[in-house]
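J.: Hey, dropping run-v4.cif in here, mmCIF, C-alpha atoms and all ligand atoms:
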```
data_work
loop_
_atom_site.label_atom_id
_atom_site.label_comp_id
_atom_site.auth_asym_id
_atom_site.auth_seq_id
_atom_site.Cartn_x
_atom_site.Cartn_y
_atom_site.Cartn_z
CA MET A 1443 20.12 11.95 7.29
CA ASP A 1444 21.20 12.06 3.67
CA SER A 1445 19.79 13.72 0.56
CA ASP A 1446 17.35 10.86 -0.15
CA LEU A 1447 15.99 11.04 3.37
CA GLU A 1448 15.70 14.84 3.11
CA MET A 1449 13.59 14.39 -0.03
CA TYR A 1450 11.52 11.79 1.76
CA ARG A 1451 11.04 14.21 4.66
CA ASP A 1452 9.80 16.90 2.25
CA SER A 1453 7.15 14.60 0.82
CA VAL A 1454 6.07 13.40 4.27
CA ARG A 1455 5.89 17.01 5.46
CA ARG A 1456 3.69 18.04 2.52
CA PHE A 1457 1.42 15.07 3.15
CA VAL A 1458 1.16 15.81 6.86
CA GLN A 1459 0.34 19.47 6.20
CA THR A 1460 -2.34 18.91 3.57
CA GLU A 1461 -3.88 15.59 4.58
CA ILE A 1462 -3.52 15.65 8.36
CA ALA A 1463 -2.91 19.03 10.01
CA ALA A 1464 -5.60 20.66 7.87
CA HIS A 1465 -8.28 18.37 9.33
CA ASP A 1466 -7.22 18.51 12.95
CA GLU A 1467 -10.26 20.38 14.23
CA LYS A 1468 -12.79 18.19 12.46
CA TRP A 1469 -11.12 15.02 13.67
CA ALA A 1470 -10.92 16.29 17.23
CA LYS A 1471 -14.68 16.84 17.16
CA GLN A 1472 -15.52 13.44 15.69
CA GLN A 1473 -12.82 11.75 17.85
CA HIS A 1474 -11.24 9.87 14.97
CA VAL A 1475 -9.54 10.52 11.65
CA ASP A 1476 -11.35 9.95 8.37
CA ARG A 1477 -10.99 6.36 7.16
CA ASN A 1478 -9.56 7.38 3.80
CA LEU A 1479 -6.53 9.01 5.42
CA TRP A 1480 -5.20 5.49 5.89
CA ASN A 1481 -5.59 4.64 2.21
CA LYS A 1482 -3.89 7.89 1.17
CA ALA A 1483 -0.99 7.29 3.56
CA GLY A 1484 -0.75 3.72 2.25
CA GLU A 1485 -0.57 4.96 -1.35
CA LEU A 1486 2.32 7.25 -0.43
CA GLY A 1487 4.11 4.29 1.20
CA ILE A 1488 4.63 5.89 4.60
CA LEU A 1489 2.65 3.49 6.80
CA LEU A 1490 5.14 0.63 6.78
CA ALA A 1491 8.17 2.35 5.29
CA ASP A 1492 10.56 0.06 7.15
CA VAL A 1493 8.91 -3.21 6.11
CA PRO A 1494 10.53 -5.13 3.20
CA ASP A 1495 8.95 -4.76 -0.27
CA GLU A 1496 8.19 -8.49 -0.43
CA PHE A 1497 5.52 -7.89 2.24
CA GLY A 1498 4.12 -4.77 0.62
CA GLY A 1499 6.21 -2.34 2.67
CA SER A 1500 8.42 0.37 1.20
CA GLY A 1501 11.72 -1.41 1.85
CA GLY A 1502 13.24 1.46 3.81
CA ASN A 1503 14.54 1.41 7.35
CA PHE A 1504 13.69 2.92 10.71
CA ALA A 1505 15.02 6.33 9.62
CA HIS A 1506 11.95 6.59 7.37
CA MET A 1507 9.64 5.84 10.28
CA ALA A 1508 11.51 8.30 12.51
CA ILE A 1509 10.90 11.00 9.91
CA LEU A 1510 7.18 10.27 9.90
CA PHE A 1511 6.92 10.46 13.71
CA GLU A 1512 8.93 13.68 13.77
CA GLU A 1513 6.88 15.32 11.07
CA LEU A 1514 3.63 14.38 12.80
CA ALA A 1515 4.90 15.96 16.01
CA TYR A 1516 6.28 19.08 14.28
CA ALA A 1517 2.83 19.58 12.75
CA GLY A 1518 1.17 19.15 16.15
CA ASP A 1519 -0.76 16.10 15.00
CA ARG A 1520 -2.70 14.41 17.76
CA ALA A 1521 -5.00 12.16 15.78
CA PHE A 1522 -3.24 9.84 13.37
CA GLY A 1523 -2.48 6.46 14.96
CA ALA A 1524 0.33 5.56 12.55
CA HIS A 1525 2.42 4.61 15.57
CA VAL A 1526 0.25 1.79 16.88
CA HIS A 1527 -0.46 0.66 13.33
CA ALA A 1528 3.27 0.23 12.71
CA ILE A 1529 3.69 -1.47 16.07
CA ALA A 1530 0.98 -4.02 15.26
CA ALA A 1531 2.62 -4.65 11.88
CA HIS A 1532 6.01 -5.18 13.50
CA TYR A 1533 4.61 -7.84 15.79
CA ILE A 1534 3.58 -9.69 12.66
CA LEU A 1535 6.81 -8.97 10.77
CA ASN A 1536 9.12 -10.08 13.57
CA GLN A 1537 7.05 -12.71 15.37
CA GLY A 1538 4.52 -13.94 12.80
CA THR A 1539 4.58 -17.06 10.64
CA ASP A 1540 5.32 -16.74 6.89
CA ALA A 1541 1.62 -17.18 6.15
CA GLN A 1542 0.65 -14.43 8.63
CA LYS A 1543 3.19 -12.03 7.14
CA ALA A 1544 2.05 -12.76 3.59
CA LYS A 1545 -1.61 -12.34 4.50
CA TYR A 1546 -1.61 -9.23 6.66
CA LEU A 1547 1.44 -7.06 5.99
CA PRO A 1548 0.47 -5.99 2.45
CA LEU A 1549 -3.00 -5.01 3.68
CA LEU A 1550 -1.54 -3.02 6.58
CA ALA A 1551 1.02 -1.35 4.30
CA SER A 1552 -1.65 -0.19 1.85
CA GLY A 1553 -4.00 1.05 4.56
CA GLU A 1554 -6.70 -1.42 3.53
CA MET A 1555 -6.43 -2.70 7.07
CA ILE A 1556 -5.82 -0.55 10.14
CA GLY A 1557 -3.89 -2.17 12.96
CA ALA A 1558 -4.12 -1.89 16.74
CA ILE A 1559 -2.60 -3.62 19.71
CA ALA A 1560 -4.79 -4.47 22.70
CA MET A 1561 -2.90 -5.15 25.90
CA SER A 1562 -4.46 -3.00 28.62
CA GLU A 1563 -7.59 -4.01 30.50
CA PRO A 1564 -9.72 -2.24 33.07
CA GLY A 1565 -7.92 -4.19 35.82
CA ALA A 1566 -4.39 -4.44 34.39
CA GLY A 1567 -2.13 -2.10 32.45
CA SER A 1568 1.39 -1.90 33.87
CA ASP A 1569 1.17 -5.45 35.18
CA LEU A 1570 0.27 -7.35 32.04
CA GLN A 1571 0.50 -10.68 33.78
CA GLY A 1572 -2.72 -9.65 35.51
CA ILE A 1573 -4.80 -9.61 32.32
CA ARG A 1574 -7.97 -11.68 32.31
CA THR A 1575 -8.89 -11.95 28.63
CA ARG A 1576 -9.05 -15.66 27.91
CA ALA A 1577 -8.53 -17.58 24.68
CA VAL A 1578 -9.77 -21.16 24.88
CA ARG A 1579 -8.94 -23.64 22.14
CA ASP A 1580 -12.04 -25.26 20.62
CA GLY A 1581 -11.31 -27.42 17.56
CA ASP A 1582 -9.69 -25.22 14.93
CA ASP A 1583 -10.66 -22.01 16.70
CA TYR A 1584 -9.77 -19.96 19.72
CA VAL A 1585 -12.74 -18.54 21.61
CA ILE A 1586 -11.81 -15.17 23.10
CA SER A 1587 -13.66 -13.55 26.01
CA GLY A 1588 -12.74 -10.43 27.94
CA SER A 1589 -12.44 -6.69 27.60
CA LYS A 1590 -9.74 -4.17 26.79
CA ILE A 1591 -9.47 -0.47 27.51
CA PHE A 1592 -7.58 2.58 26.20
CA ILE A 1593 -6.98 0.95 22.81
CA SER A 1594 -5.62 3.42 20.26
CA ASN A 1595 -7.16 3.08 16.78
CA GLY A 1596 -9.83 0.99 18.53
CA TYR A 1597 -12.78 2.48 16.65
CA LEU A 1598 -11.37 2.11 13.15
CA ALA A 1599 -9.12 -0.95 13.54
CA ASP A 1600 -9.63 -3.91 11.20
CA LEU A 1601 -6.91 -6.09 12.72
CA ILE A 1602 -6.21 -6.13 16.43
CA VAL A 1603 -3.34 -7.99 18.03
CA VAL A 1604 -4.98 -9.07 21.27
CA VAL A 1605 -3.03 -10.08 24.36
CA THR A 1606 -4.79 -13.13 25.82
CA LYS A 1607 -4.25 -15.88 28.33
CA THR A 1608 -4.20 -19.33 26.78
CA ASP A 1609 -3.06 -20.93 30.04
CA PRO A 1610 -4.05 -18.94 33.14
CA GLU A 1611 -2.00 -21.20 35.42
CA ALA A 1612 1.27 -20.64 33.58
CA GLY A 1613 1.99 -16.98 34.47
CA ALA A 1614 3.98 -15.15 31.78
CA LYS A 1615 4.26 -18.39 29.83
CA GLY A 1616 0.48 -18.61 29.56
CA ILE A 1617 0.16 -15.40 27.51
CA SER A 1618 -0.43 -15.53 23.74
CA LEU A 1619 -1.05 -12.87 21.11
CA ILE A 1620 -3.95 -13.55 18.78
CA MET A 1621 -4.93 -11.48 15.76
CA VAL A 1622 -8.60 -10.64 15.50
CA GLU A 1623 -10.12 -9.43 12.24
CA THR A 1624 -12.80 -7.16 13.61
CA LYS A 1625 -15.11 -6.82 10.62
CA GLU A 1626 -16.13 -10.49 10.57
CA ALA A 1627 -15.91 -11.15 14.28
CA LYS A 1628 -19.18 -12.13 15.92
CA GLY A 1629 -19.24 -11.15 19.59
CA PHE A 1630 -16.74 -8.33 19.09
CA LYS A 1631 -17.93 -4.88 20.09
CA VAL A 1632 -16.28 -1.48 20.18
CA GLY A 1633 -17.40 0.47 23.23
CA ARG A 1634 -17.15 4.20 23.74
CA ILE A 1635 -14.53 6.36 22.12
CA LEU A 1636 -13.08 7.69 25.36
CA GLU A 1637 -13.04 11.42 26.15
CA LYS A 1638 -9.44 12.36 26.77
CA LEU A 1639 -7.47 15.31 28.14
CA GLY A 1640 -5.59 15.61 24.85
CA GLN A 1641 -5.04 13.79 21.56
CA LYS A 1642 -8.70 14.39 20.86
CA GLY A 1643 -8.75 13.14 17.28
CA GLN A 1644 -7.32 9.75 18.24
CA ASP A 1645 -9.91 6.98 18.63
CA THR A 1646 -8.99 5.48 21.97
CA CYS A 1647 -11.61 2.88 22.85
CA GLU A 1648 -12.95 0.16 25.04
CA LEU A 1649 -13.24 -3.20 23.29
CA PHE A 1650 -15.39 -6.16 24.26
CA PHE A 1651 -14.92 -9.80 23.28
CA ASP A 1652 -17.85 -12.08 23.94
CA GLU A 1653 -16.87 -15.57 22.82
CA VAL A 1654 -15.25 -14.28 19.65
CA ARG A 1655 -14.13 -17.17 17.43
CA VAL A 1656 -10.81 -16.80 15.67
CA PRO A 1657 -9.10 -19.50 13.59
CA VAL A 1658 -6.02 -21.04 15.23
CA GLU A 1659 -3.97 -19.78 12.28
CA ASN A 1660 -4.30 -16.33 13.88
CA LEU A 1661 -2.17 -17.23 16.89
CA LEU A 1662 0.86 -14.99 16.37
CA GLY A 1663 3.88 -17.13 15.54
CA GLY A 1664 1.81 -20.29 15.73
CA VAL A 1665 3.01 -21.36 19.20
CA GLU A 1666 1.07 -20.80 22.43
CA GLY A 1667 2.66 -19.12 25.43
CA LYS A 1668 5.09 -16.89 23.53
CA GLY A 1669 3.09 -13.69 23.99
CA PHE A 1670 5.05 -12.21 26.84
CA ALA A 1671 8.36 -12.83 25.08
CA HIS A 1672 6.91 -11.22 21.93
CA LEU A 1673 5.84 -8.17 23.94
CA MET A 1674 9.29 -7.84 25.50
CA SER A 1675 11.05 -7.96 22.15
CA GLU A 1676 8.73 -5.49 20.42
CA LEU A 1677 8.35 -2.87 23.16
CA PRO A 1678 11.67 -1.11 22.35
CA TYR A 1679 10.24 -0.18 18.93
CA GLU A 1680 7.22 1.43 20.57
CA ARG A 1681 9.28 3.18 23.24
CA LEU A 1682 11.71 4.70 20.79
CA MET A 1683 8.80 5.97 18.69
CA LEU A 1684 7.39 7.73 21.74
CA GLY A 1685 10.81 9.20 22.48
CA ILE A 1686 11.10 10.53 18.92
CA GLY A 1687 7.66 12.17 19.11
CA ALA A 1688 8.64 13.74 22.43
CA MET A 1689 11.90 15.04 20.98
CA ALA A 1690 10.18 16.69 18.03
CA SER A 1691 7.57 18.21 20.34
CA ILE A 1692 10.30 19.66 22.55
CA GLU A 1693 11.95 21.25 19.51
CA ARG A 1694 8.62 22.62 18.33
CA ALA A 1695 7.76 24.03 21.76
CA ILE A 1696 11.07 25.89 21.96
CA ASP A 1697 10.65 27.27 18.42
CA LEU A 1698 7.12 28.47 19.11
CA THR A 1699 8.20 30.09 22.36
CA VAL A 1700 11.23 31.84 20.92
CA THR A 1701 9.06 33.31 18.15
CA TYR A 1702 6.40 34.42 20.62
CA THR A 1703 8.79 35.93 23.16
CA LYS A 1704 10.58 37.91 20.45
CA GLU A 1705 7.29 39.56 19.52
CA ARG A 1706 5.45 39.90 22.81
CA LYS A 1707 6.41 42.99 24.77
CA ALA A 1708 6.06 43.77 28.47
CA PHE A 1709 7.58 46.66 30.41
CA GLY A 1710 8.75 48.20 27.14
CA LYS A 1711 10.76 45.31 25.76
CA PRO A 1712 10.29 41.86 24.19
CA LEU A 1713 9.95 39.03 26.69
CA LEU A 1714 13.05 37.42 25.19
CA GLU A 1715 15.17 40.33 26.37
CA MET A 1716 14.39 39.56 30.01
CA GLN A 1717 17.02 37.49 31.71
CA ASN A 1718 14.59 34.94 33.10
CA THR A 1719 13.20 34.24 29.63
CA ARG A 1720 16.65 34.03 28.09
CA PHE A 1721 17.96 31.71 30.78
CA LYS A 1722 14.93 29.44 30.82
CA LEU A 1723 14.96 29.08 27.05
CA ALA A 1724 18.73 28.69 26.98
CA ASP A 1725 18.36 25.91 29.51
CA ALA A 1726 15.59 24.28 27.46
CA LYS A 1727 17.71 24.48 24.32
CA ALA A 1728 20.77 23.04 26.07
CA GLN A 1729 18.73 20.08 27.30
CA ALA A 1730 17.07 19.61 23.92
CA VAL A 1731 20.39 19.53 22.08
CA MET A 1732 21.76 16.92 24.50
CA ALA A 1733 18.59 14.87 24.21
CA ARG A 1734 18.66 15.04 20.42
CA ALA A 1735 22.12 13.46 20.35
CA PHE A 1736 20.81 10.52 22.39
CA VAL A 1737 17.62 10.14 20.33
CA ASP A 1738 19.63 10.09 17.11
CA GLU A 1739 21.96 7.51 18.64
CA CYS A 1740 18.94 5.34 19.51
CA ILE A 1741 17.53 5.71 15.98
CA GLN A 1742 20.86 4.51 14.60
CA ARG A 1743 20.86 1.58 17.02
CA MET A 1744 17.35 0.64 15.91
CA ILE A 1745 18.44 0.78 12.27
CA ASP A 1746 21.37 -1.50 13.16
CA ASP A 1747 19.03 -3.79 15.13
CA GLU A 1748 20.96 -3.07 18.31
CA LEU A 1749 18.50 -1.14 20.49
CA ASP A 1750 18.18 -3.05 23.76
CA THR A 1751 15.27 -2.91 26.22
CA VAL A 1752 17.08 -0.85 28.83
CA THR A 1753 18.24 1.83 26.38
CA ALA A 1754 14.74 2.01 24.89
CA SER A 1755 13.36 2.50 28.40
CA ILE A 1756 15.91 5.26 29.05
CA VAL A 1757 14.93 7.15 25.90
CA LYS A 1758 11.22 6.78 26.67
CA LEU A 1759 11.61 7.84 30.31
CA ASN A 1760 13.91 10.80 29.73
CA LEU A 1761 12.23 12.20 26.66
CA SER A 1762 8.65 11.95 27.90
CA GLU A 1763 9.58 13.57 31.21
CA LEU A 1764 11.61 16.29 29.47
CA GLU A 1765 8.78 16.93 27.01
CA CYS A 1766 6.32 17.63 29.82
CA THR A 1767 8.80 19.81 31.72
CA ILE A 1768 9.85 21.92 28.75
CA ILE A 1769 6.35 22.39 27.38
CA ASP A 1770 5.21 23.51 30.82
CA GLU A 1771 8.09 26.01 31.06
CA CYS A 1772 7.38 27.27 27.55
CA LEU A 1773 3.66 27.64 28.16
CA GLN A 1774 4.40 30.02 31.05
CA PHE A 1775 5.82 32.60 28.61
CA PHE A 1776 2.51 32.77 26.76
CA GLY A 1777 0.77 34.12 29.85
CA GLY A 1778 -3.01 33.87 29.61
CA TYR A 1779 -2.77 32.93 25.93
CA GLY A 1780 -0.96 29.81 27.05
CA TYR A 1781 -4.21 28.67 28.63
CA MET A 1782 -6.25 29.16 25.45
CA LEU A 1783 -6.81 26.06 23.37
CA GLU A 1784 -6.39 27.96 20.12
CA TYR A 1785 -2.69 28.32 20.94
CA PRO A 1786 -0.61 25.32 19.83
CA ILE A 1787 1.45 25.37 23.04
CA THR A 1788 -1.71 24.79 25.07
CA GLN A 1789 -2.68 21.85 22.92
CA MET A 1790 0.81 20.45 23.23
CA TYR A 1791 0.60 20.67 27.00
CA ALA A 1792 -2.56 18.56 27.01
CA ASP A 1793 -1.33 16.12 24.36
CA ALA A 1794 2.02 15.54 26.07
CA ARG A 1795 0.80 14.43 29.47
CA VAL A 1796 -0.02 10.88 28.44
CA GLN A 1797 3.50 10.29 27.19
CA ARG A 1798 4.60 9.60 30.77
CA ILE A 1799 1.83 7.02 31.15
CA TYR A 1800 1.31 4.97 27.98
CA GLY A 1801 3.83 2.64 26.40
CA GLY A 1802 4.87 1.83 29.96
CA ALA A 1803 4.60 4.48 32.69
CA SER A 1804 7.76 6.31 33.81
CA GLU A 1805 7.86 4.20 36.97
CA ILE A 1806 7.87 1.00 34.91
CA MET A 1807 10.73 2.40 32.80
CA LYS A 1808 12.65 3.04 36.03
CA GLU A 1809 12.00 -0.53 37.18
CA ILE A 1810 13.40 -1.88 33.90
CA ILE A 1811 16.44 0.39 34.07
CA ALA A 1812 16.98 -0.43 37.76
CA ARG A 1813 17.12 -4.15 37.01
CA SER A 1814 20.19 -3.49 34.88
CA LEU A 1815 22.12 -1.76 37.66
C1 LIG A 1901 -4.36 7.79 25.31
C2 LIG A 1901 -3.97 6.39 25.67
C3 LIG A 1901 -3.70 5.48 24.65
C4 LIG A 1901 -3.37 4.17 24.98
N1 LIG A 1901 -3.20 3.24 23.96
C5 LIG A 1901 -3.07 1.93 24.28
C6 LIG A 1901 -3.06 0.92 23.26
O1 LIG A 1901 -3.15 1.22 22.06
N2 LIG A 1901 -2.97 -0.37 23.63
C7 LIG A 1901 -2.90 -0.75 24.95
O2 LIG A 1901 -2.83 -1.93 25.22
N3 LIG A 1901 -2.88 0.18 25.93
C8 LIG A 1901 -2.98 1.50 25.64
N4 LIG A 1901 -3.00 2.44 26.63
C9 LIG A 1901 -2.90 2.01 28.02
C10 LIG A 1901 -1.59 2.36 28.69
O3 LIG A 1901 -0.55 1.62 28.13
C11 LIG A 1901 -1.76 2.13 30.20
O4 LIG A 1901 -2.65 3.13 30.66
C12 LIG A 1901 -0.46 2.18 30.95
O5 LIG A 1901 0.34 1.07 30.62
C13 LIG A 1901 -0.68 2.19 32.47
O6 LIG A 1901 -1.55 1.16 32.85
P1 LIG A 1901 -2.81 1.50 33.78
O7 LIG A 1901 -3.55 2.62 33.19
O8 LIG A 1901 -3.55 0.23 34.04
O9 LIG A 1901 -2.18 2.01 35.13
P2 LIG A 1901 -1.72 1.12 36.37
O10 LIG A 1901 -1.04 -0.11 35.93
O11 LIG A 1901 -2.87 1.00 37.31
O12 LIG A 1901 -0.65 2.07 37.03
C14 LIG A 1901 -1.02 3.33 37.59
C15 LIG A 1901 0.21 4.02 38.09
O13 LIG A 1901 0.77 3.27 39.15
C16 LIG A 1901 2.16 3.39 39.17
N5 LIG A 1901 2.78 2.06 39.08
C17 LIG A 1901 2.31 0.97 38.45
N6 LIG A 1901 3.16 -0.06 38.58
C18 LIG A 1901 4.21 0.39 39.31
C19 LIG A 1901 5.42 -0.18 39.79
N7 LIG A 1901 5.76 -1.46 39.50
N8 LIG A 1901 6.25 0.58 40.53
C20 LIG A 1901 5.95 1.86 40.80
N9 LIG A 1901 4.82 2.47 40.36
C21 LIG A 1901 3.97 1.75 39.64
C22 LIG A 1901 2.54 4.26 37.96
O14 LIG A 1901 2.68 5.60 38.38
C23 LIG A 1901 1.33 4.13 37.06
O15 LIG A 1901 1.16 5.26 36.20
C24 LIG A 1901 -3.27 3.77 26.33
C25 LIG A 1901 -3.52 4.70 27.34
C26 LIG A 1901 -3.87 5.99 27.02
C27 LIG A 1901 -4.16 6.94 28.14
#
```
Please express the file's structure as structure tokens.
T.:
Amino acid sequence: MDSDLEMYRDSVRRFVQTEIAAHDEKWAKQQHVDRNLWNKAGELGILLADVPDEFGGSGGNFAHMAILFEELAYAGDRAFGAHVHAIAAHYILNQGTDAQKAKYLPLLASGEMIGAIAMSEPGAGSDLQGIRTRAVRDGDDYVISGSKIFISNGYLADLIVVVTKTDPEAGAKGISLIMVETKEAKGFKVGRILEKLGQKGQDTCELFFDEVRVPVENLLGGVEGKGFAHLMSELPYERLMLGIGAMASIERAIDLTVTYTKERKAFGKPLLEMQNTRFKLADAKAQAVMARAFVDECIQRMIDDELDTVTASIVKLNLSELECTIIDECLQFFGGYGYMLEYPITQMYADARVQRIYGGASEIMKEIIARSL
């Protein structure tokens, strides 16, 4: 952090409070944010803060993105899919052709287009080689058929990076990423917005592709069969983001619990004066402080373009597991109130659970780490 970043944090925090946190309940009911949130966030320059100005981004670095993910978590946001939007944009930035970058990045930076990334299918999530969505070359088009599930931003997305098979016989080398502009796409259908345990305001959807024609120019990077390699090189960005959100949620949970246990009395004294409360929260704080040092180290490595796959898996595994453990411990101190949805800790408990599943389940993170032993 430096003084410029602190100022940036202040403006992001104000934006998150007034434009996001204030609408949480409405968005949870309608299961998606209002469309114009994206335009407002684009105007402020926070959507693609780490994308160079020449592509419409704000020319900052990953520290700016880290601030956004932290502020969203500190405010208890569970609706705004800025994460997947940035991930989709980074596929284009790092793997796209010059023409693809010039065409899409400015629109994603301004919020005129909302991005999503569609990997998971009803029959394959962890094992992406098992996907069945096909893209068949026909003249100057690809014809895409298949279905996707659990796609964040799925309801509102204008541009979806779709993981397809261009050569089903070629295993990992037969996978290609193709960008689909949803508004013009005949045969593209958004299914249900799925009812989730938490993150209620986030539009997580099923998507259907019935012979959707996409120009060959939309093949990411312009070369078939590179999709798996693209996924492998971009996943660290996603996994660090999830780790940062988890870190900020841990810090928030401890803050909320300290405040509550100072005020709430039982047996004539505040809960925080009981040894069990003090020790549990001391333990949580000790773990959080250690974790913070590692998260900050990973942020710096990402800024320096040095975050490797194994370290990104370690931060995702440890932080998502720690988030669930600490929030659960904290919730206990709220007693019955900790089971009431109007209490932020309760919401956090529900929102956190998916962190151990999406972006690669904890078991997959362990597999990746184990391969490095
Ligand atoms: C709210 C939400 C948002 C999501 N957003 C997106 C999105 O935007 N885009 C997208 O593409 N996907 C998205 N997903 C999907 C998510 O990435 C997958 O759910 C996840 O990767 C797990 O895949 P799966 O559900 O098919 O589970 P499976 O692959 O069936 O795995 C189930 C469980 O089996 C175990 N397991 C699997 N493989 C192994 C192994 N090798 N060793 C040991 N244990 C194993 C793990 O415990 C795992 O949790 C989202 C999911 C949710 C819930």
J.: As an exercise, work out the distance from CA of Met1507 (chain A) to CA of Ser1568 (chain A) in Å and give it to one decimal place.
T.: 26.2 Å
J.: Report the closest atom pair, with its distance in Å rounded to one decimal, for each residue of chain A that has an atom no farther than 9 Å from ligand LIG 1901 (chain A); count all atoms listed in the file, sort by chain and then rising residue number, and write it as CSV.
T.:
```
residue,atom,partner,partner_atom,distance
A:Gly1523,CA,A:LIG1901,O1,8.8
A:Val1526,CA,A:LIG1901,O1,6.2
A:Ala1558,CA,A:LIG1901,O1,6.2
A:Ile1559,CA,A:LIG1901,N2,5.1
A:Ala1560,CA,A:LIG1901,O2,4.1
A:Met1561,CA,A:LIG1901,O2,3.3
A:Ser1562,CA,A:LIG1901,O2,3.9
A:Glu1563,CA,A:LIG1901,O8,6.8
A:Pro1564,CA,A:LIG1901,O8,6.7
A:Gly1565,CA,A:LIG1901,O8,6.5
A:Ala1566,CA,A:LIG1901,O8,4.8
A:Gly1567,CA,A:LIG1901,O8,3.2
A:Ser1568,CA,A:LIG1901,O10,3.7
A:Asp1569,CA,A:LIG1901,O10,5.8
A:Leu1570,CA,A:LIG1901,O10,8.3
A:Lys1590,CA,A:LIG1901,O2,7.4
A:Ile1591,CA,A:LIG1901,N3,6.8
A:Phe1592,CA,A:LIG1901,C24,4.5
A:Ile1593,CA,A:LIG1901,O1,3.9
A:Ser1594,CA,A:LIG1901,O1,3.8
A:Asn1595,CA,A:LIG1901,O1,6.9
A:Gly1596,CA,A:LIG1901,O1,7.6
A:Val1604,CA,A:LIG1901,O2,8.4
A:Val1605,CA,A:LIG1901,O2,8.2
A:Leu1636,CA,A:LIG1901,C1,8.7
A:Lys1638,CA,A:LIG1901,C1,7.0
A:Leu1639,CA,A:LIG1901,C1,8.6
A:Gly1640,CA,A:LIG1901,C1,7.9
A:Gln1641,CA,A:LIG1901,C1,7.1
A:Gln1644,CA,A:LIG1901,C1,7.9
A:Asp1645,CA,A:LIG1901,C1,8.7
A:Thr1646,CA,A:LIG1901,C3,5.9
A:Cys1647,CA,A:LIG1901,N1,8.5
A:Asp1793,CA,A:LIG1901,C1,8.9
A:Val1796,CA,A:LIG1901,C27,5.7
A:Gln1797,CA,A:LIG1901,C27,8.4
A:Arg1798,CA,A:LIG1901,O15,7.8
A:Ile1799,CA,A:LIG1901,C12,5.4
A:Tyr1800,CA,A:LIG1901,O3,3.8
A:Gly1801,CA,A:LIG1901,O3,4.8
A:Gly1802,CA,A:LIG1901,O5,4.6
A:Ala1803,CA,A:LIG1901,O15,5.0
A:Ser1804,CA,A:LIG1901,O14,6.9
A:Glu1805,CA,A:LIG1901,N9,4.9
A:Ile1806,CA,A:LIG1901,C19,5.6
A:Lys1808,CA,A:LIG1901,N8,8.2
A:Glu1809,CA,A:LIG1901,N7,6.7
```
J.: Set the distance at 7 Å and use only C-alpha atoms: which residues neighbour Val1585 (chain A) once local chain neighbours fewer than 4 positions away are removed? I'd like the list as a list in words.
T.: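 The residues satisfying every condition are Ala1577, Val1578, Arg1579, Asp1580, Glu1653, Val1654, Arg1655 and Val1656 of chain A.
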J.: How would you write as a list in words the residues that get within 10 Å of (8.8, -0.4, 13.7) in the file's frame, counting only C-alpha atoms?
T.: Leu1490, Ala1491, Asp1492, Val1493, Asn1503, Phe1504, His1506, Met1507, Ala1508, His1525, Val1526, His1527, Ala1528, Ile1529, Ala1530, Ala1531, His1532, Tyr1533, Leu1535, Asn1536, Glu1676, Leu1677, Pro1678, Tyr1679, Glu1680, Leu1682, Met1683, Met1744 and Ile1745 of chain A
J.: For each of A:Ala1724, A:Ala1614, A:Ala1521, A:Val1737, take the minimum atom-to-atom distance to Glu1666 (chain A), counting only C-alpha atoms, then give the residue where this is smallest.
T.: A:Ala1614
J.: Compile the contact shell of Leu1619 (chain A) as a list in words: residues with an atom at most 8 Å away, counting all atoms listed in the file, same-chain residues fewer than 6 positions apart removed.
T.: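 That gives Val1603, Val1604, Val1605, Thr1606, Leu1661, Leu1662, Lys1668 and Gly1669 of chain A.
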J.: What gap, in Å, lies between CA of Met1555 (chain A) and CA of Ile1462 (chain A)?
T.: 18.6 Å
J.: So, with all atoms listed in the file as the atoms that count, which of A:Val1632, A:Cys1766, A:Glu1623, A:Thr1751 lies closest to Ser1675 (chain A)?
T.: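 Checking each candidate against Ser1675 (chain A), we get A:Thr1751 as the closest.
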J.: Of the candidates A:Val1752, A:Val1700, A:Ala1690, A:Ile1602, which one gets nearest to Arg1734 (chain A) if we count all atoms listed in the file?
T.: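 Closest residue, counting all atoms listed in the file: A:Ala1690.
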J.: Working from the structure I just supplied, which lacks atoms in region 1460-1466 of chain A, can you model N, CA and C atoms there and output them as a CSV table (one decimal), in the coordinates of the input?
T.:
```csv
chain,number,residue,atom,x,y,z
A,1460,THR,N,-1.1,18.8,4.3
A,1460,THR,CA,-2.3,18.9,3.6
A,1460,THR,C,-3.4,17.9,4.0
A,1461,GLU,N,-2.9,16.7,4.3
A,1461,GLU,CA,-3.9,15.6,4.6
A,1461,GLU,C,-4.2,15.4,6.1
A,1462,ILE,N,-3.3,15.9,6.9
A,1462,ILE,CA,-3.5,15.6,8.4
A,1462,ILE,C,-3.8,16.9,9.1
A,1463,ALA,N,-2.8,17.8,9.2
A,1463,ALA,CA,-2.9,19.0,10.0
A,1463,ALA,C,-4.1,19.8,9.6
A,1464,ALA,N,-4.5,19.9,8.3
A,1464,ALA,CA,-5.6,20.7,7.9
A,1464,ALA,C,-6.9,20.2,8.4
A,1465,HIS,N,-7.0,18.9,8.9
A,1465,HIS,CA,-8.3,18.4,9.3
A,1465,HIS,C,-8.4,18.2,10.8
A,1466,ASP,N,-7.4,18.7,11.5
A,1466,ASP,CA,-7.2,18.5,13.0
A,1466,ASP,C,-8.5,18.8,13.7
```
